[in-house]
Structure formats: structure tokens, C-alpha cells
Amino acid sequence: MKIDAITIFPDYFAPMRLSLLGKAQGQGILEINVHDLRAFTTDNHHTVDDTPYGGGAGMVMLPEVWGLAIDSIIEDGATLVVLTPAGKRFTQEMAQELTNSKQLIFACGRYEGIDDRVRQYYSRDEFKERNINVLEVSIGDYVLGGGEVASMVMIEAITRLLPGVLGNPESLSEESHNSEGYLEYPNFTKPQTWREISVPEVLLSGNHGEIAKWRATQAKLRAEKNL
Ligand code: ADE
């Protein structure tokens, strides 16, 4: 899978070289390229934003520079993800769907966001014919300073679903066997007793049926508590 992120802060993405993501890039399973939006400006001041038409607080990112940046990387079959708190909520299901994309482009807006004509332009029929889709996405009901952290959340959730990325692929099949798609029961490892707290007896029993039953009950209790 090919991932491109466009941002005015490329350094934000340094952690993408670490851990499983770094390894997956080394193995050629994944290609992540980060592009500096300012490299696509054409004025001496490298301007990326201006005041909003209609007035109001804050600045809006210029369509021209975003158009040039996206044009330089977009390929047939791409999904252009525009990060915004007003977008569709990111879920595990959306993460799974996005694994089918040939290229994911993350447009990381700052300030009051990107001029809406960028979304409109890449939603045109000529792009649909090239199997290019635009998706406005929010990772949750809170406002971040920009789309960088949001896109890294998405990248981590999506790429761990790609074959070969996870160290232990059984973790994935266990997740998908759970009705909600998540591991919700509490886990324990050594030592058997820590600070006078002992591991639940059933987990030491070796009785896989009883263990599965206990875990299902615990997952349900936990889910109810979090409602
Ligand atoms: N940009 C600012 N806040 C955001 C959010 N919650 N999700 C995605 N992008 C954002």
C-alpha cells in the first residue's frame, strides 16, 4: 500500500519510521511519503493560507497550493482523505475498508481547514472515472490543531490490518472473532501474584472452554461499564 501525507509540518510524521510501521516499510509492504505543502507555493513568502470570504476568525488554506500538491502525487484508485472535525467518524470498519485502497492521500489541514473547492474538485466525475474517491474524516468529537495526529491515528489503525504488518497475525483473527471486533477482556501475564493481586484462577486452569466463557463475560461487563 502507498500512503502519502501532505502537511506544513513534515516532522510530525517522524514516528512513522518506528516499530512495526518502520519494519513494514523496510519490507516493501508499505510505502509512506510525507510531502511539505510549502514546497508547492509559488510566492516568496511561501503562503499557504488567507482570510475567509464572508469574514470570521482564523485563516483558510489556499486551494491553489493544495491542488498543486495533490496533482503531483495522485494516482488512479486513490482515496483522498481530508481530515476535519466535521468529517465522517473514523471506525474500525472504515479502517478495514480503506485497506482496499491502492493509495491513501492524507490532506492535513491546519487553521480553519482547507478551501472547500479542493474537496469539490477531486470529487468530480473525471476523478470518479479514475476510481479516485474523496473522504472527509474525523477521528472523534474534539478539535485538534490540525490533521497530522488524526492521520497518524488512521495510518496506524489501517496498516496493522495489512497482511504481513503485524508481528503476530493471530491477534487480528482473535479481534475479528470477537462480536465487536475488539479485544475487550482484561489480560494478565507473569508473575501470578503482583502486589498481592492474583491472576483469576480460571486462567490457570487450562480449561479452554471455561477460559473463553470467562473472557466473554468480562468483555460484556467491561463494555457495559463504558456505555
Ligand atoms: N482536525 C482537527 N480536528 C480533527 C479531528 N477531530 N479529526 C480529524 N481531523 C481533525
# chains A, B, ... in the order shown; residues from 1 in each chain; ligands from 1
call {"tool": "closest_atom_pairs", "arguments": {"of": "chain A", "to": "ligand 1", "cutoff": "10 Å", "atoms": "only C-alpha atoms and all ligand atoms", "output": "JSON lines"}}
result
{"residue": "A:Val81", "atom": "CA", "partner": "ligand 1", "partner_atom_place_in_ligand_line": "8 (C)", "distance": 9.8}
{"residue": "A:Val82", "atom": "CA", "partner": "ligand 1", "partner_atom_place_in_ligand_line": "9 (N)", "distance": 7.7}
{"residue": "A:Leu83", "atom": "CA", "partner": "ligand 1", "partner_atom_place_in_ligand_line": "9 (N)", "distance": 3.9}
{"residue": "A:Thr84", "atom": "CA", "partner": "ligand 1", "partner_atom_place_in_ligand_line": "9 (N)", "distance": 3.8}
{"residue": "A:Pro85", "atom": "CA", "partner": "ligand 1", "partner_atom_place_in_ligand_line": "5 (C)", "distance": 3.9}
{"residue": "A:Ala86", "atom": "CA", "partner": "ligand 1", "partner_atom_place_in_ligand_line": "5 (C)", "distance": 7.6}
{"residue": "A:Gly87", "atom": "CA", "partner": "ligand 1", "partner_atom_place_in_ligand_line": "8 (C)", "distance": 7.1}
{"residue": "A:Lys88", "atom": "CA", "partner": "ligand 1", "partner_atom_place_in_ligand_line": "7 (N)", "distance": 9.0}
{"residue": "A:Arg89", "atom": "CA", "partner": "ligand 1", "partner_atom_place_in_ligand_line": "7 (N)", "distance": 8.1}
{"residue": "A:Phe90", "atom": "CA", "partner": "ligand 1", "partner_atom_place_in_ligand_line": "7 (N)", "distance": 8.4}
{"residue": "A:Ala107", "atom": "CA", "partner": "ligand 1", "partner_atom_place_in_ligand_line": "9 (N)", "distance": 9.6}
{"residue": "A:Cys108", "atom": "CA", "partner": "ligand 1", "partner_atom_place_in_ligand_line": "9 (N)", "distance": 7.6}
{"residue": "A:Gly109", "atom": "CA", "partner": "ligand 1", "partner_atom_place_in_ligand_line": "1 (N)", "distance": 6.9}
{"residue": "A:Arg110", "atom": "CA", "partner": "ligand 1", "partner_atom_place_in_ligand_line": "1 (N)", "distance": 7.2}
{"residue": "A:Tyr111", "atom": "CA", "partner": "ligand 1", "partner_atom_place_in_ligand_line": "2 (C)", "distance": 8.6}
{"residue": "A:Glu112", "atom": "CA", "partner": "ligand 1", "partner_atom_place_in_ligand_line": "2 (C)", "distance": 8.7}
{"residue": "A:Gly113", "atom": "CA", "partner": "ligand 1", "partner_atom_place_in_ligand_line": "1 (N)", "distance": 7.8}
{"residue": "A:Glu136", "atom": "CA", "partner": "ligand 1", "partner_atom_place_in_ligand_line": "8 (C)", "distance": 8.4}
{"residue": "A:Val137", "atom": "CA", "partner": "ligand 1", "partner_atom_place_in_ligand_line": "8 (C)", "distance": 5.8}
{"residue": "A:Ser138", "atom": "CA", "partner": "ligand 1", "partner_atom_place_in_ligand_line": "7 (N)", "distance": 3.4}
{"residue": "A:Ile139", "atom": "CA", "partner": "ligand 1", "partner_atom_place_in_ligand_line": "7 (N)", "distance": 4.1}
{"residue": "A:Gly140", "atom": "CA", "partner": "ligand 1", "partner_atom_place_in_ligand_line": "6 (N)", "distance": 4.7}
{"residue": "A:Asp141", "atom": "CA", "partner": "ligand 1", "partner_atom_place_in_ligand_line": "6 (N)", "distance": 5.6}
{"residue": "A:Tyr142", "atom": "CA", "partner": "ligand 1", "partner_atom_place_in_ligand_line": "6 (N)", "distance": 4.9}
{"residue": "A:Val143", "atom": "CA", "partner": "ligand 1", "partner_atom_place_in_ligand_line": "3 (N)", "distance": 3.8}
{"residue": "A:Leu144", "atom": "CA", "partner": "ligand 1", "partner_atom_place_in_ligand_line": "3 (N)", "distance": 3.7}
{"residue": "A:Gly145", "atom": "CA", "partner": "ligand 1", "partner_atom_place_in_ligand_line": "2 (C)", "distance": 5.6}
{"residue": "A:Gly146", "atom": "CA", "partner": "ligand 1", "partner_atom_place_in_ligand_line": "1 (N)", "distance": 4.5}
{"residue": "A:Gly147", "atom": "CA", "partner": "ligand 1", "partner_atom_place_in_ligand_line": "1 (N)", "distance": 4.3}
{"residue": "A:Glu148", "atom": "CA", "partner": "ligand 1", "partner_atom_place_in_ligand_line": "9 (N)", "distance": 7.7}
{"residue": "A:Val149", "atom": "CA", "partner": "ligand 1", "partner_atom_place_in_ligand_line": "9 (N)", "distance": 7.9}
{"residue": "A:Ala150", "atom": "CA", "partner": "ligand 1", "partner_atom_place_in_ligand_line": "8 (C)", "distance": 5.0}
{"residue": "A:Ser151", "atom": "CA", "partner": "ligand 1", "partner_atom_place_in_ligand_line": "8 (C)", "distance": 7.3}
{"residue": "A:Val153", "atom": "CA", "partner": "ligand 1", "partner_atom_place_in_ligand_line": "8 (C)", "distance": 9.4}
{"residue": "A:Met154", "atom": "CA", "partner": "ligand 1", "partner_atom_place_in_ligand_line": "8 (C)", "distance": 9.5}
call {"tool": "select_by_dssp", "arguments": {"residues": "stretch 93-222 of chain A", "states": "strand (DSSP E or B)", "output": "ChimeraX atom specification"}}
result
/A:103-107,110,114,133-138,146,193-194,197-198
call {"tool": "write_last_selection", "arguments": {"atoms": "N, CA and C atoms", "output": "mmCIF file, in the first residue's frame"}}
result
data_model
loop_
_atom_site.group_PDB
_atom_site.id
_atom_site.type_symbol
_atom_site.label_atom_id
_atom_site.label_comp_id
_atom_site.auth_asym_id
_atom_site.auth_seq_id
_atom_site.Cartn_x
_atom_site.Cartn_y
_atom_site.Cartn_z
ATOM 1 N N GLN A 103 -3.901 3.688 -3.002
ATOM 2 C CA GLN A 103 -3.121 4.820 -2.486
ATOM 3 C C GLN A 103 -3.997 5.624 -1.531
ATOM 4 N N LEU A 104 -3.457 5.947 -0.375
ATOM 5 C CA LEU A 104 -4.176 6.818 0.556
ATOM 6 C C LEU A 104 -3.421 8.141 0.633
ATOM 7 N N ILE A 105 -4.130 9.216 0.318
ATOM 8 C CA ILE A 105 -3.519 10.544 0.439
ATOM 9 C C ILE A 105 -4.177 11.257 1.615
ATOM 10 N N PHE A 106 -3.386 11.639 2.605
ATOM 11 C CA PHE A 106 -3.913 12.348 3.770
ATOM 12 C C PHE A 106 -3.631 13.837 3.610
ATOM 13 N N ALA A 107 -4.685 14.623 3.481
ATOM 14 C CA ALA A 107 -4.549 16.074 3.386
ATOM 15 C C ALA A 107 -4.726 16.640 4.787
ATOM 16 N N ARG A 110 -4.658 22.732 8.516
ATOM 17 C CA ARG A 110 -4.423 23.455 9.785
ATOM 18 C C ARG A 110 -5.422 24.595 9.838
ATOM 19 N N ILE A 114 -9.185 23.594 4.911
ATOM 20 C CA ILE A 114 -8.800 23.794 3.513
ATOM 21 C C ILE A 114 -10.007 24.332 2.746
ATOM 22 N N ASN A 133 -11.532 8.568 -4.967
ATOM 23 C CA ASN A 133 -12.599 8.990 -4.059
ATOM 24 C C ASN A 133 -12.088 9.993 -3.041
ATOM 25 N N VAL A 134 -12.972 10.903 -2.657
ATOM 26 C CA VAL A 134 -12.638 11.876 -1.612
ATOM 27 C C VAL A 134 -13.464 11.543 -0.368
ATOM 28 N N LEU A 135 -12.794 11.559 0.777
ATOM 29 C CA LEU A 135 -13.464 11.203 2.027
ATOM 30 C C LEU A 135 -13.058 12.217 3.094
ATOM 31 N N GLU A 136 -14.027 12.941 3.646
ATOM 32 C CA GLU A 136 -13.740 13.814 4.784
ATOM 33 C C GLU A 136 -13.890 12.982 6.045
ATOM 34 N N VAL A 137 -12.867 12.960 6.876
ATOM 35 C CA VAL A 137 -12.870 12.077 8.047
ATOM 36 C C VAL A 137 -12.525 12.838 9.326
ATOM 37 N N SER A 138 -13.258 12.494 10.404
ATOM 38 C CA SER A 138 -12.949 12.977 11.755
ATOM 39 C C SER A 138 -12.594 11.771 12.606
ATOM 40 N N GLY A 146 -4.698 20.342 14.002
ATOM 41 C CA GLY A 146 -4.521 20.062 12.582
ATOM 42 C C GLY A 146 -4.739 18.587 12.323
ATOM 43 N N THR A 193 1.175 -13.559 41.084
ATOM 44 C CA THR A 193 0.687 -12.591 42.065
ATOM 45 C C THR A 193 1.597 -11.363 42.031
ATOM 46 N N TRP A 194 0.992 -10.223 41.910
ATOM 47 C CA TRP A 194 1.748 -8.953 41.883
ATOM 48 C C TRP A 194 1.097 -7.980 42.857
ATOM 49 N N ILE A 197 -2.101 -8.956 44.322
ATOM 50 C CA ILE A 197 -3.244 -9.186 43.423
ATOM 51 C C ILE A 197 -2.937 -10.412 42.577
ATOM 52 N N SER A 198 -3.843 -11.417 42.648
ATOM 53 C CA SER A 198 -3.604 -12.666 41.925
ATOM 54 C C SER A 198 -4.366 -12.700 40.606
#
call {"tool": "closest_residue", "arguments": {"among": "A:Thr42, A:Ala216, A:Asn207, A:Val165", "to": "A:Tyr185", "atoms": "only C-alpha atoms"}}
result
A:Ala216
call {"tool": "select_by_dssp", "arguments": {"residues": "stretch 112-171 of chain A", "states": "alpha helix (DSSP H)", "output": "ChimeraX atom specification"}}
result
/A:117-122,125-128,147-159,170-171
call {"tool": "closest_atom_pairs", "arguments": {"of": "stretch 53-163 of chain A", "to": "stretch 11-29 of chain A", "cutoff": "10 Å", "atoms": "only C-alpha atoms", "output": "tab-separated table"}}
result
residue	atom	partner	partner_atom	distance
A:Glu148	CA	A:Tyr12	CA	6.8
A:Val149	CA	A:Tyr12	CA	7.8
A:Ser151	CA	A:Phe13	CA	9.5
A:Met152	CA	A:Phe13	CA	7.5
A:Ile155	CA	A:Met16	CA	8.8
A:Glu156	CA	A:Leu21	CA	7.7
A:Thr159	CA	A:Leu21	CA	7.6
A:Arg160	CA	A:Leu21	CA	8.1
A:Leu162	CA	A:Ile29	CA	8.2
A:Pro163	CA	A:Ile29	CA	8.2
call {"tool": "residues_around", "arguments": {"residues": "A:Val60", "least_positions_apart": "2", "cutoff": "12 Å", "atoms": "only C-alpha atoms", "output": "PyMOL selection string"}}
result
chain A and resi 47-58+62-66+109-118
call {"tool": "closest_residue", "arguments": {"among": "A:Ala157, A:Leu98, A:Met61, A:Ile6", "to": "A:Ile73", "atoms": "only C-alpha atoms"}}
result
A:Ile6
call {"tool": "atom_distance", "arguments": {"atom1": "atom CA of A:Thr7", "atom2": "atom CA of A:Glu126"}}
result
25.3 Å
call {"tool": "residues_around", "arguments": {"residues": "A:Ala219", "least_positions_apart": "5", "cutoff": "9 Å", "atoms": "only C-alpha atoms", "output": "PyMOL selection string"}}
result
chain A and resi 183-186+214+224
call {"tool": "closest_residue", "arguments": {"among": "A:Pro169, A:Asn131, A:Glu93, A:Arg38", "to": "A:Ala78", "atoms": "only C-alpha atoms"}}
result
A:Asn131
call {"tool": "atom_distance", "arguments": {"atom1": "atom CA of A:Arg130", "atom2": "atom CA of A:Gly77"}}
result
6.3 Å
call {"tool": "closest_residue", "arguments": {"among": "A:Ile3, A:Leu172, A:Ile211, A:Leu204", "to": "A:Leu30", "atoms": "only C-alpha atoms"}}
result
A:Ile3
